[in-house]
Structures are given as C-alpha cells and as structure tokens.
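Single-structure report; data block below.
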Amino acid sequence: MAYKSISFCFFILLVAAFSSCSGKLETGSINIENWKKDRNGCLGLRFQDLEEIKELKNTYLAKNNQEIIITFGRPDRVELVDKSQSFFIYFLEPSDRCDEKIKKEPLKVLFRLNAINKVSEVTVTTLNP
C-alpha cells in the first residue's frame, strides 16, 4: 500500500514538473544558432534576421521570460526600470561592448517584461528604454 502511495506522489510531481516547463518559441526563419553566437551584435549575424523579427514580434507578447531566454539565449543586457517592469535587450548591431568604436546608438530588440515576467511589448529601435 505504501508503495502505491509513493508511486502516485512521484507521478504527480513528475507531471507537475513537466507541465510547468517553458519551451522554445516560434522563430520562423531566424537562425537561432547564429543569434546565440552573436553576443552584443558584434558579429553582425543578428541583423540578417531584422525583417523576420519585425514580422514575428507580436507573437512574443504575453510569453514569459524563461521562454524568451530558452529561445534567444541570455539577453545582452537586462535593465530594471522600476519594481514592476524590466527590459531584455538583444543588440542587432554592434554595441559598446564590442571591440569596434560605435558612432551611433545600435539597433536593438527590446522585450518589455511586466511585474509577472510576461512580455508586454516588443520593439526594434535605436532608443534606450
């Protein structure tokens, strides 16, 4: 009897663990391997996917932060604006952390996250949050 009870509890924990996991998001024709290799936009590989990002950006609304990280890799920068929102920043053009000197603010993708870590806005811009 104790064995059945333990097995049942283990089964419930296993189901809960797998159902709460986040998966990768739809990325269309974006080359995710190149995206993840191009930290801070230094290699210029992310810029090749600019049009696809613009087309897909609204599909990422209401997704959670873990889904964004699993899909696109660790953000180049994370900015906490206040207690209720933060930004994940992925550079499409070389940022100030690259070897070359930049003359203008680089193009970037901003994922605005609300207090419950859901994406509330996706913007492709040269402006800072």
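Identifiers in the structure tokens: chain A, B, ... in order shown; residue index from 1 per chain; ligand index from 1 in order shown.
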
Selection near Lys118 in chain A, 10 Å with only C-alpha atoms, sequence-local residues under 3 positions removed, as a ChimeraX atom specification:
/A:60-68,85,111-115,121

Which residues are close to range 107-110 of chain A, i.e. within 7 Å by only C-alpha atoms, leaving aside same-chain residues fewer than 6 positions away? Reply as a list of chain:residue names.
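Contacts, in chain order: A:Phe87, A:Phe88, A:Ile89, A:Tyr90, A:Phe91, A:Leu92, A:Glu93, A:Val122, A:Thr123, A:Val124, A:Thr125, A:Thr126.
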
Go ahead and write the residues just picked, N, CA, C and O atoms, as a short mmCIF file (atom, residue, chain, number, x, y, z; two decimals), in the first residue's frame.
data_model
loop_
_atom_site.label_atom_id
_atom_site.label_comp_id
_atom_site.auth_asym_id
_atom_site.auth_seq_id
_atom_site.Cartn_x
_atom_site.Cartn_y
_atom_site.Cartn_z
N PHE A 87 13.53 45.19 -18.91
CA PHE A 87 13.75 45.03 -20.34
C PHE A 87 14.83 43.98 -20.58
O PHE A 87 15.88 44.02 -19.93
N PHE A 88 14.58 43.08 -21.52
CA PHE A 88 15.61 42.21 -22.07
C PHE A 88 16.06 42.89 -23.36
O PHE A 88 15.23 43.21 -24.20
N ILE A 89 17.36 43.11 -23.50
CA ILE A 89 17.89 43.80 -24.68
C ILE A 89 18.82 42.86 -25.45
O ILE A 89 19.75 42.28 -24.88
N TYR A 90 18.53 42.73 -26.74
CA TYR A 90 19.36 41.96 -27.67
C TYR A 90 19.80 42.91 -28.78
O TYR A 90 18.96 43.48 -29.47
N PHE A 91 21.11 43.10 -28.94
CA PHE A 91 21.63 44.02 -29.95
C PHE A 91 21.64 43.37 -31.32
O PHE A 91 22.10 42.24 -31.48
N LEU A 92 21.15 44.11 -32.33
CA LEU A 92 21.20 43.66 -33.72
C LEU A 92 22.45 44.19 -34.42
O LEU A 92 22.93 43.60 -35.37
N GLU A 93 22.94 45.32 -33.96
CA GLU A 93 24.16 45.94 -34.47
C GLU A 93 25.19 45.96 -33.33
O GLU A 93 24.81 45.85 -32.17
N VAL A 122 7.25 44.42 -27.56
CA VAL A 122 8.49 44.09 -28.27
C VAL A 122 8.75 45.22 -29.26
O VAL A 122 7.88 45.55 -30.06
N THR A 123 9.93 45.81 -29.18
CA THR A 123 10.27 46.97 -30.02
C THR A 123 11.63 46.76 -30.66
O THR A 123 12.56 46.29 -30.01
N VAL A 124 11.73 47.14 -31.93
CA VAL A 124 13.03 47.19 -32.62
C VAL A 124 13.35 48.66 -32.76
O VAL A 124 12.63 49.40 -33.43
N THR A 125 14.43 49.11 -32.11
CA THR A 125 14.71 50.54 -32.01
C THR A 125 16.18 50.81 -31.75
O THR A 125 16.92 49.90 -31.37
N THR A 126 16.57 52.08 -31.92
CA THR A 126 17.89 52.52 -31.50
C THR A 126 17.82 53.27 -30.16
O THR A 126 18.83 53.60 -29.59
#

Among the residues of range 7-106 of chain A, find those DSSP assigns to helix (DSSP H, G or I) from the backbone and print them as a PDB file with N, CA, C and O atoms, in the first residue's frame.
ATOM      1  N   SER A   7       4.414   5.845  -5.309  1.00  0.00           N
ATOM      2  CA  SER A   7       4.399   5.889  -6.767  1.00  0.00           C
ATOM      3  C   SER A   7       3.454   6.963  -7.280  1.00  0.00           C
ATOM      4  O   SER A   7       3.769   7.688  -8.220  1.00  0.00           O
ATOM      5  N   PHE A   8       2.288   7.061  -6.668  1.00  0.00           N
ATOM      6  CA  PHE A   8       1.309   8.066  -7.064  1.00  0.00           C
ATOM      7  C   PHE A   8       1.863   9.473  -6.837  1.00  0.00           C
ATOM      8  O   PHE A   8       1.754  10.342  -7.702  1.00  0.00           O
ATOM      9  N   CYS A   9       2.474   9.706  -5.683  1.00  0.00           N
ATOM     10  CA  CYS A   9       3.060  11.023  -5.380  1.00  0.00           C
ATOM     11  C   CYS A   9       4.176  11.367  -6.365  1.00  0.00           C
ATOM     12  O   CYS A   9       4.270  12.497  -6.838  1.00  0.00           O
ATOM     13  N   PHE A  10       5.018  10.385  -6.692  1.00  0.00           N
ATOM     14  CA  PHE A  10       6.090  10.603  -7.648  1.00  0.00           C
ATOM     15  C   PHE A  10       5.523  10.957  -9.022  1.00  0.00           C
ATOM     16  O   PHE A  10       6.008  11.864  -9.697  1.00  0.00           O
ATOM     17  N   PHE A  11       4.469  10.257  -9.428  1.00  0.00           N
ATOM     18  CA  PHE A  11       3.819  10.519 -10.708  1.00  0.00           C
ATOM     19  C   PHE A  11       3.267  11.944 -10.752  1.00  0.00           C
ATOM     20  O   PHE A  11       3.458  12.658 -11.732  1.00  0.00           O
ATOM     21  N   ILE A  12       2.614  12.368  -9.695  1.00  0.00           N
ATOM     22  CA  ILE A  12       2.052  13.727  -9.634  1.00  0.00           C
ATOM     23  C   ILE A  12       3.167  14.772  -9.718  1.00  0.00           C
ATOM     24  O   ILE A  12       3.046  15.760 -10.452  1.00  0.00           O
ATOM     25  N   LEU A  13       4.257  14.568  -9.001  1.00  0.00           N
ATOM     26  CA  LEU A  13       5.378  15.507  -9.052  1.00  0.00           C
ATOM     27  C   LEU A  13       5.996  15.549 -10.447  1.00  0.00           C
ATOM     28  O   LEU A  13       6.360  16.615 -10.944  1.00  0.00           O
ATOM     29  N   LEU A  14       6.114  14.409 -11.089  1.00  0.00           N
ATOM     30  CA  LEU A  14       6.668  14.340 -12.434  1.00  0.00           C
ATOM     31  C   LEU A  14       5.792  15.086 -13.435  1.00  0.00           C
ATOM     32  O   LEU A  14       6.293  15.866 -14.248  1.00  0.00           O
ATOM     33  N   VAL A  15       4.493  14.894 -13.364  1.00  0.00           N
ATOM     34  CA  VAL A  15       3.560  15.597 -14.248  1.00  0.00           C
ATOM     35  C   VAL A  15       3.630  17.100 -14.004  1.00  0.00           C
ATOM     36  O   VAL A  15       3.676  17.894 -14.941  1.00  0.00           O
ATOM     37  N   ALA A  16       3.666  17.514 -12.747  1.00  0.00           N
ATOM     38  CA  ALA A  16       3.745  18.939 -12.419  1.00  0.00           C
ATOM     39  C   ALA A  16       5.040  19.553 -12.940  1.00  0.00           C
ATOM     40  O   ALA A  16       5.047  20.674 -13.462  1.00  0.00           O
ATOM     41  N   ALA A  17       6.145  18.828 -12.819  1.00  0.00           N
ATOM     42  CA  ALA A  17       7.432  19.350 -13.279  1.00  0.00           C
ATOM     43  C   ALA A  17       7.438  19.550 -14.788  1.00  0.00           C
ATOM     44  O   ALA A  17       7.904  20.573 -15.289  1.00  0.00           O
ATOM     45  N   PHE A  18       6.925  18.585 -15.531  1.00  0.00           N
ATOM     46  CA  PHE A  18       6.935  18.706 -16.987  1.00  0.00           C
ATOM     47  C   PHE A  18       5.901  19.686 -17.507  1.00  0.00           C
ATOM     48  O   PHE A  18       6.108  20.316 -18.535  1.00  0.00           O
ATOM     49  N   SER A  19       4.807  19.848 -16.833  1.00  0.00           N
ATOM     50  CA  SER A  19       3.785  20.781 -17.312  1.00  0.00           C
ATOM     51  C   SER A  19       4.154  22.230 -17.049  1.00  0.00           C
ATOM     52  O   SER A  19       3.658  23.134 -17.703  1.00  0.00           O
ATOM     53  N   ILE A  32      18.699  30.697 -35.142  1.00  0.00           N
ATOM     54  CA  ILE A  32      18.890  30.809 -33.699  1.00  0.00           C
ATOM     55  C   ILE A  32      20.329  30.500 -33.287  1.00  0.00           C
ATOM     56  O   ILE A  32      20.845  31.110 -32.350  1.00  0.00           O
ATOM     57  N   GLU A  33      20.977  29.576 -33.970  1.00  0.00           N
ATOM     58  CA  GLU A  33      22.388  29.294 -33.652  1.00  0.00           C
ATOM     59  C   GLU A  33      23.242  30.544 -33.853  1.00  0.00           C
ATOM     60  O   GLU A  33      24.059  30.889 -33.000  1.00  0.00           O
ATOM     61  N   ASN A  34      23.046  31.220 -34.987  1.00  0.00           N
ATOM     62  CA  ASN A  34      23.784  32.467 -35.235  1.00  0.00           C
ATOM     63  C   ASN A  34      23.396  33.536 -34.232  1.00  0.00           C
ATOM     64  O   ASN A  34      24.239  34.306 -33.775  1.00  0.00           O
ATOM     65  N   TRP A  35      22.103  33.620 -33.904  1.00  0.00           N
ATOM     66  CA  TRP A  35      21.613  34.612 -32.950  1.00  0.00           C
ATOM     67  C   TRP A  35      22.338  34.462 -31.618  1.00  0.00           C
ATOM     68  O   TRP A  35      22.817  35.436 -31.033  1.00  0.00           O
ATOM     69  N   LYS A  36      22.426  33.226 -31.122  1.00  0.00           N
ATOM     70  CA  LYS A  36      23.053  32.987 -29.821  1.00  0.00           C
ATOM     71  C   LYS A  36      24.569  33.201 -29.864  1.00  0.00           C
ATOM     72  O   LYS A  36      25.160  33.602 -28.868  1.00  0.00           O
ATOM     73  N   LYS A  37      25.196  32.962 -31.011  1.00  0.00           N
ATOM     74  CA  LYS A  37      26.641  33.184 -31.165  1.00  0.00           C
ATOM     75  C   LYS A  37      26.989  34.662 -31.191  1.00  0.00           C
ATOM     76  O   LYS A  37      28.097  35.044 -30.836  1.00  0.00           O
ATOM     77  N   ARG A  39      26.784  37.493 -29.571  1.00  0.00           N
ATOM     78  CA  ARG A  39      26.612  38.259 -28.337  1.00  0.00           C
ATOM     79  C   ARG A  39      26.879  39.746 -28.589  1.00  0.00           C
ATOM     80  O   ARG A  39      27.857  40.096 -29.264  1.00  0.00           O
ATOM     81  N   ASN A  40      26.015  40.588 -28.106  1.00  0.00           N
ATOM     82  CA  ASN A  40      26.124  42.045 -28.231  1.00  0.00           C
ATOM     83  C   ASN A  40      26.121  42.535 -29.675  1.00  0.00           C
ATOM     84  O   ASN A  40      26.504  43.665 -29.940  1.00  0.00           O
ATOM     85  N   GLY A  41      25.721  41.685 -30.610  1.00  0.00           N
ATOM     86  CA  GLY A  41      25.649  42.073 -32.020  1.00  0.00           C
ATOM     87  C   GLY A  41      26.996  42.280 -32.677  1.00  0.00           C
ATOM     88  O   GLY A  41      27.075  42.830 -33.780  1.00  0.00           O
ATOM     89  N   ARG A  46      22.912  38.849 -36.265  1.00  0.00           N
ATOM     90  CA  ARG A  46      21.506  39.082 -35.885  1.00  0.00           C
ATOM     91  C   ARG A  46      20.804  40.041 -36.838  1.00  0.00           C
ATOM     92  O   ARG A  46      19.617  39.929 -37.069  1.00  0.00           O
ATOM     93  N   PHE A  47      21.552  40.983 -37.360  1.00  0.00           N
ATOM     94  CA  PHE A  47      20.962  41.994 -38.244  1.00  0.00           C
ATOM     95  C   PHE A  47      20.334  41.350 -39.478  1.00  0.00           C
ATOM     96  O   PHE A  47      19.368  41.871 -40.035  1.00  0.00           O
ATOM     97  N   GLN A  48      20.856  40.207 -39.900  1.00  0.00           N
ATOM     98  CA  GLN A  48      20.317  39.489 -41.056  1.00  0.00           C
ATOM     99  C   GLN A  48      18.861  39.059 -40.829  1.00  0.00           C
ATOM    100  O   GLN A  48      18.125  38.845 -41.785  1.00  0.00           O
ATOM    101  N   ASP A  49      18.452  38.927 -39.573  1.00  0.00           N
ATOM    102  CA  ASP A  49      17.104  38.475 -39.231  1.00  0.00           C
ATOM    103  C   ASP A  49      16.159  39.614 -38.868  1.00  0.00           C
ATOM    104  O   ASP A  49      15.082  39.386 -38.307  1.00  0.00           O
ATOM    105  N   LEU A  50      16.530  40.838 -39.193  1.00  0.00           N
ATOM    106  CA  LEU A  50      15.750  42.023 -38.825  1.00  0.00           C
ATOM    107  C   LEU A  50      14.307  41.940 -39.309  1.00  0.00           C
ATOM    108  O   LEU A  50      13.369  42.160 -38.533  1.00  0.00           O
ATOM    109  N   GLU A  51      14.097  41.646 -40.574  1.00  0.00           N
ATOM    110  CA  GLU A  51      12.731  41.610 -41.123  1.00  0.00           C
ATOM    111  C   GLU A  51      11.883  40.523 -40.468  1.00  0.00           C
ATOM    112  O   GLU A  51      10.702  40.722 -40.192  1.00  0.00           O
ATOM    113  N   GLU A  52      12.485  39.374 -40.199  1.00  0.00           N
ATOM    114  CA  GLU A  52      11.746  38.273 -39.565  1.00  0.00           C
ATOM    115  C   GLU A  52      11.352  38.646 -38.136  1.00  0.00           C
ATOM    116  O   GLU A  52      10.237  38.355 -37.689  1.00  0.00           O
ATOM    117  N   ILE A  53      12.242  39.307 -37.418  1.00  0.00           N
ATOM    118  CA  ILE A  53      11.920  39.771 -36.058  1.00  0.00           C
ATOM    119  C   ILE A  53      10.760  40.750 -36.097  1.00  0.00           C
ATOM    120  O   ILE A  53       9.842  40.672 -35.281  1.00  0.00           O
ATOM    121  N   LYS A  54      10.790  41.676 -37.046  1.00  0.00           N
ATOM    122  CA  LYS A  54       9.699  42.653 -37.155  1.00  0.00           C
ATOM    123  C   LYS A  54       8.375  41.969 -37.439  1.00  0.00           C
ATOM    124  O   LYS A  54       7.332  42.388 -36.932  1.00  0.00           O
ATOM    125  N   GLU A  55       8.385  40.909 -38.249  1.00  0.00           N
ATOM    126  CA  GLU A  55       7.153  40.188 -38.566  1.00  0.00           C
ATOM    127  C   GLU A  55       6.633  39.380 -37.384  1.00  0.00           C
ATOM    128  O   GLU A  55       5.427  39.286 -37.183  1.00  0.00           O
ATOM    129  N   LEU A  56       7.546  38.803 -36.600  1.00  0.00           N
ATOM    130  CA  LEU A  56       7.148  37.893 -35.524  1.00  0.00           C
ATOM    131  C   LEU A  56       6.987  38.555 -34.157  1.00  0.00           C
ATOM    132  O   LEU A  56       6.506  37.920 -33.227  1.00  0.00           O
ATOM    133  N   LYS A  57       7.389  39.814 -34.027  1.00  0.00           N
ATOM    134  CA  LYS A  57       7.482  40.414 -32.695  1.00  0.00           C
ATOM    135  C   LYS A  57       6.178  40.351 -31.891  1.00  0.00           C
ATOM    136  O   LYS A  57       6.209  40.144 -30.687  1.00  0.00           O
ATOM    137  N   ASN A  58       5.041  40.487 -32.540  1.00  0.00           N
ATOM    138  CA  ASN A  58       3.779  40.452 -31.791  1.00  0.00           C
ATOM    139  C   ASN A  58       3.405  39.055 -31.316  1.00  0.00           C
ATOM    140  O   ASN A  58       2.578  38.909 -30.420  1.00  0.00           O
ATOM    141  N   THR A  59       4.019  38.023 -31.881  1.00  0.00           N
ATOM    142  CA  THR A  59       3.735  36.660 -31.416  1.00  0.00           C
ATOM    143  C   THR A  59       4.389  36.389 -30.063  1.00  0.00           C
ATOM    144  O   THR A  59       4.049  35.407 -29.408  1.00  0.00           O
ATOM    145  N   TYR A  60       5.318  37.243 -29.654  1.00  0.00           N
ATOM    146  CA  TYR A  60       6.014  37.049 -28.379  1.00  0.00           C
ATOM    147  C   TYR A  60       5.307  37.740 -27.211  1.00  0.00           C
ATOM    148  O   TYR A  60       5.720  37.577 -26.062  1.00  0.00           O
ATOM    149  N   ASN A  65       9.437  35.214 -19.393  1.00  0.00           N
ATOM    150  CA  ASN A  65      10.862  35.500 -19.551  1.00  0.00           C
ATOM    151  C   ASN A  65      11.674  34.243 -19.833  1.00  0.00           C
ATOM    152  O   ASN A  65      12.639  34.280 -20.598  1.00  0.00           O
ATOM    153  N   GLN A  66      11.291  33.110 -19.252  1.00  0.00           N
ATOM    154  CA  GLN A  66      12.033  31.870 -19.481  1.00  0.00           C
ATOM    155  C   GLN A  66      11.910  31.404 -20.927  1.00  0.00           C
ATOM    156  O   GLN A  66      12.867  30.889 -21.502  1.00  0.00           O
ATOM    157  N   GLU A  67      10.741  31.586 -21.525  1.00  0.00           N
ATOM    158  CA  GLU A  67      10.559  31.217 -22.925  1.00  0.00           C
ATOM    159  C   GLU A  67      11.449  32.073 -23.828  1.00  0.00           C
ATOM    160  O   GLU A  67      12.016  31.572 -24.810  1.00  0.00           O
ATOM    161  N   ILE A  68      11.586  33.345 -23.497  1.00  0.00           N
ATOM    162  CA  ILE A  68      12.455  34.241 -24.269  1.00  0.00           C
ATOM    163  C   ILE A  68      13.916  33.789 -24.137  1.00  0.00           C
ATOM    164  O   ILE A  68      14.636  33.692 -25.132  1.00  0.00           O
ATOM    165  N   ILE A  69      14.343  33.484 -22.922  1.00  0.00           N
ATOM    166  CA  ILE A  69      15.734  33.061 -22.694  1.00  0.00           C
ATOM    167  C   ILE A  69      16.013  31.718 -23.364  1.00  0.00           C
ATOM    168  O   ILE A  69      17.058  31.537 -23.992  1.00  0.00           O
ATOM    169  N   ILE A  70      15.082  30.775 -23.263  1.00  0.00           N
ATOM    170  CA  ILE A  70      15.274  29.466 -23.891  1.00  0.00           C
ATOM    171  C   ILE A  70      15.378  29.625 -25.406  1.00  0.00           C
ATOM    172  O   ILE A  70      16.184  28.974 -26.055  1.00  0.00           O
ATOM    173  N   THR A  71      14.577  30.511 -25.971  1.00  0.00           N
ATOM    174  CA  THR A  71      14.548  30.692 -27.419  1.00  0.00           C
ATOM    175  C   THR A  71      15.745  31.489 -27.927  1.00  0.00           C
ATOM    176  O   THR A  71      16.449  31.055 -28.839  1.00  0.00           O
ATOM    177  N   PHE A  72      15.992  32.662 -27.361  1.00  0.00           N
ATOM    178  CA  PHE A  72      17.002  33.579 -27.890  1.00  0.00           C
ATOM    179  C   PHE A  72      18.325  33.567 -27.122  1.00  0.00           C
ATOM    180  O   PHE A  72      19.259  34.257 -27.504  1.00  0.00           O
TER     181      PHE A  72
END

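Rounded to one decimal, CA of Pro129 in chain A and CA of Pro106 in chain A lie 13.0 Å from each other.
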
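Of the listed residues A:Asp96, A:Asn128, A:Gly28, A:Leu45, the one whose atoms come nearest to Glu79 in chain A is A:Asn128, with distances taken using only C-alpha atoms.
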
What does the distance between CA of Gly44 in chain A and CA of Cys98 in chain A come to in Å, to one decimal place?
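It comes out at 10.8 Å.
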
Atom pair CA of Ser86 in chain A / CA of Glu100 in chain A: separation (Å)
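Computing the Euclidean distance for CA of Ser86 in chain A and CA of Glu100 in chain A yields 27.8 Å.
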
Which residues in chain A does DSSP call strand (DSSP E)? List them as number ranges by chain.
A: 77-82, 85-91, 108-113, 119-125

Pull N, CA, C and O atoms from the residues just selected and write them as a tab-separated table (two decimals), in the first residue's frame.
chain	number	residue	atom	x	y	z
A	77	ARG	N	21.73	42.54	-22.37
A	77	ARG	CA	21.56	43.40	-21.19
A	77	ARG	C	20.17	43.20	-20.61
A	77	ARG	O	19.22	42.92	-21.35
A	78	VAL	N	20.07	43.38	-19.32
A	78	VAL	CA	18.77	43.40	-18.64
A	78	VAL	C	18.72	44.70	-17.87
A	78	VAL	O	19.63	45.01	-17.10
A	79	GLU	N	17.68	45.49	-18.11
A	79	GLU	CA	17.54	46.76	-17.39
A	79	GLU	C	16.27	46.74	-16.57
A	79	GLU	O	15.19	46.47	-17.09
A	80	LEU	N	16.43	47.00	-15.29
A	80	LEU	CA	15.29	47.10	-14.39
A	80	LEU	C	14.87	48.57	-14.35
A	80	LEU	O	15.64	49.43	-13.92
A	81	VAL	N	13.66	48.86	-14.82
A	81	VAL	CA	13.19	50.24	-14.89
A	81	VAL	C	12.61	50.66	-13.55
A	81	VAL	O	12.92	51.70	-13.02
A	82	ASP	N	11.77	49.86	-13.01
A	82	ASP	CA	11.25	50.06	-11.67
A	82	ASP	C	10.86	48.69	-11.14
A	82	ASP	O	11.16	47.68	-11.76
A	85	GLN	N	8.66	46.58	-13.89
A	85	GLN	CA	9.00	46.23	-15.26
A	85	GLN	C	10.50	46.20	-15.49
A	85	GLN	O	11.26	46.88	-14.83
A	86	SER	N	10.88	45.38	-16.45
A	86	SER	CA	12.28	45.28	-16.85
A	86	SER	C	12.34	45.07	-18.36
A	86	SER	O	11.32	44.81	-19.00
A	87	PHE	N	13.53	45.19	-18.91
A	87	PHE	CA	13.75	45.03	-20.34
A	87	PHE	C	14.83	43.98	-20.58
A	87	PHE	O	15.88	44.02	-19.93
A	88	PHE	N	14.58	43.08	-21.52
A	88	PHE	CA	15.61	42.21	-22.07
A	88	PHE	C	16.06	42.89	-23.36
A	88	PHE	O	15.23	43.21	-24.20
A	89	ILE	N	17.36	43.11	-23.50
A	89	ILE	CA	17.89	43.80	-24.68
A	89	ILE	C	18.82	42.86	-25.45
A	89	ILE	O	19.75	42.28	-24.88
A	90	TYR	N	18.53	42.73	-26.74
A	90	TYR	CA	19.36	41.96	-27.67
A	90	TYR	C	19.80	42.91	-28.78
A	90	TYR	O	18.96	43.48	-29.47
A	91	PHE	N	21.11	43.10	-28.94
A	91	PHE	CA	21.63	44.02	-29.95
A	91	PHE	C	21.64	43.37	-31.32
A	91	PHE	O	22.10	42.24	-31.48
A	108	LYS	N	18.51	47.58	-31.74
A	108	LYS	CA	18.33	46.50	-30.76
A	108	LYS	C	16.88	46.07	-30.69
A	108	LYS	O	15.98	46.80	-31.11
A	109	VAL	N	16.66	44.89	-30.13
A	109	VAL	CA	15.32	44.40	-29.85
A	109	VAL	C	15.11	44.51	-28.35
A	109	VAL	O	15.93	44.03	-27.57
A	110	LEU	N	14.02	45.19	-27.97
A	110	LEU	CA	13.68	45.36	-26.56
A	110	LEU	C	12.45	44.53	-26.25
A	110	LEU	O	11.41	44.70	-26.89
A	111	PHE	N	12.56	43.62	-25.29
A	111	PHE	CA	11.41	42.90	-24.77
A	111	PHE	C	11.07	43.53	-23.43
A	111	PHE	O	11.85	43.45	-22.49
A	112	ARG	N	9.92	44.21	-23.36
A	112	ARG	CA	9.48	44.80	-22.09
A	112	ARG	C	8.72	43.73	-21.30
A	112	ARG	O	7.77	43.13	-21.81
A	113	LEU	N	9.16	43.50	-20.07
A	113	LEU	CA	8.54	42.50	-19.21
A	113	LEU	C	7.81	43.18	-18.06
A	113	LEU	O	8.36	44.10	-17.44
A	119	VAL	N	5.95	39.19	-21.36
A	119	VAL	CA	6.29	40.21	-22.35
A	119	VAL	C	5.07	41.07	-22.62
A	119	VAL	O	4.01	40.57	-22.97
A	120	SER	N	5.22	42.38	-22.44
A	120	SER	CA	4.10	43.29	-22.69
A	120	SER	C	4.32	44.16	-23.94
A	120	SER	O	3.40	44.77	-24.44
A	121	GLU	N	5.58	44.18	-24.44
A	121	GLU	CA	5.88	44.96	-25.64
A	121	GLU	C	7.19	44.46	-26.24
A	121	GLU	O	8.12	44.09	-25.51
A	122	VAL	N	7.25	44.42	-27.56
A	122	VAL	CA	8.49	44.09	-28.27
A	122	VAL	C	8.75	45.22	-29.26
A	122	VAL	O	7.88	45.55	-30.06
A	123	THR	N	9.93	45.81	-29.18
A	123	THR	CA	10.27	46.97	-30.02
A	123	THR	C	11.63	46.76	-30.66
A	123	THR	O	12.56	46.29	-30.01
A	124	VAL	N	11.73	47.14	-31.93
A	124	VAL	CA	13.03	47.19	-32.62
A	124	VAL	C	13.35	48.66	-32.76
A	124	VAL	O	12.63	49.40	-33.43
A	125	THR	N	14.43	49.11	-32.11
A	125	THR	CA	14.71	50.54	-32.01
A	125	THR	C	16.18	50.81	-31.75
A	125	THR	O	16.92	49.90	-31.37

Using only C-alpha atoms, which of the listed residues (A:Asp38, A:Asn31, A:Asn117, A:Lys24) sits closest to Pro75 in chain A?
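Nearest candidate to Pro75 in chain A out of A:Asp38, A:Asn31, A:Asn117, A:Lys24: A:Asp38.
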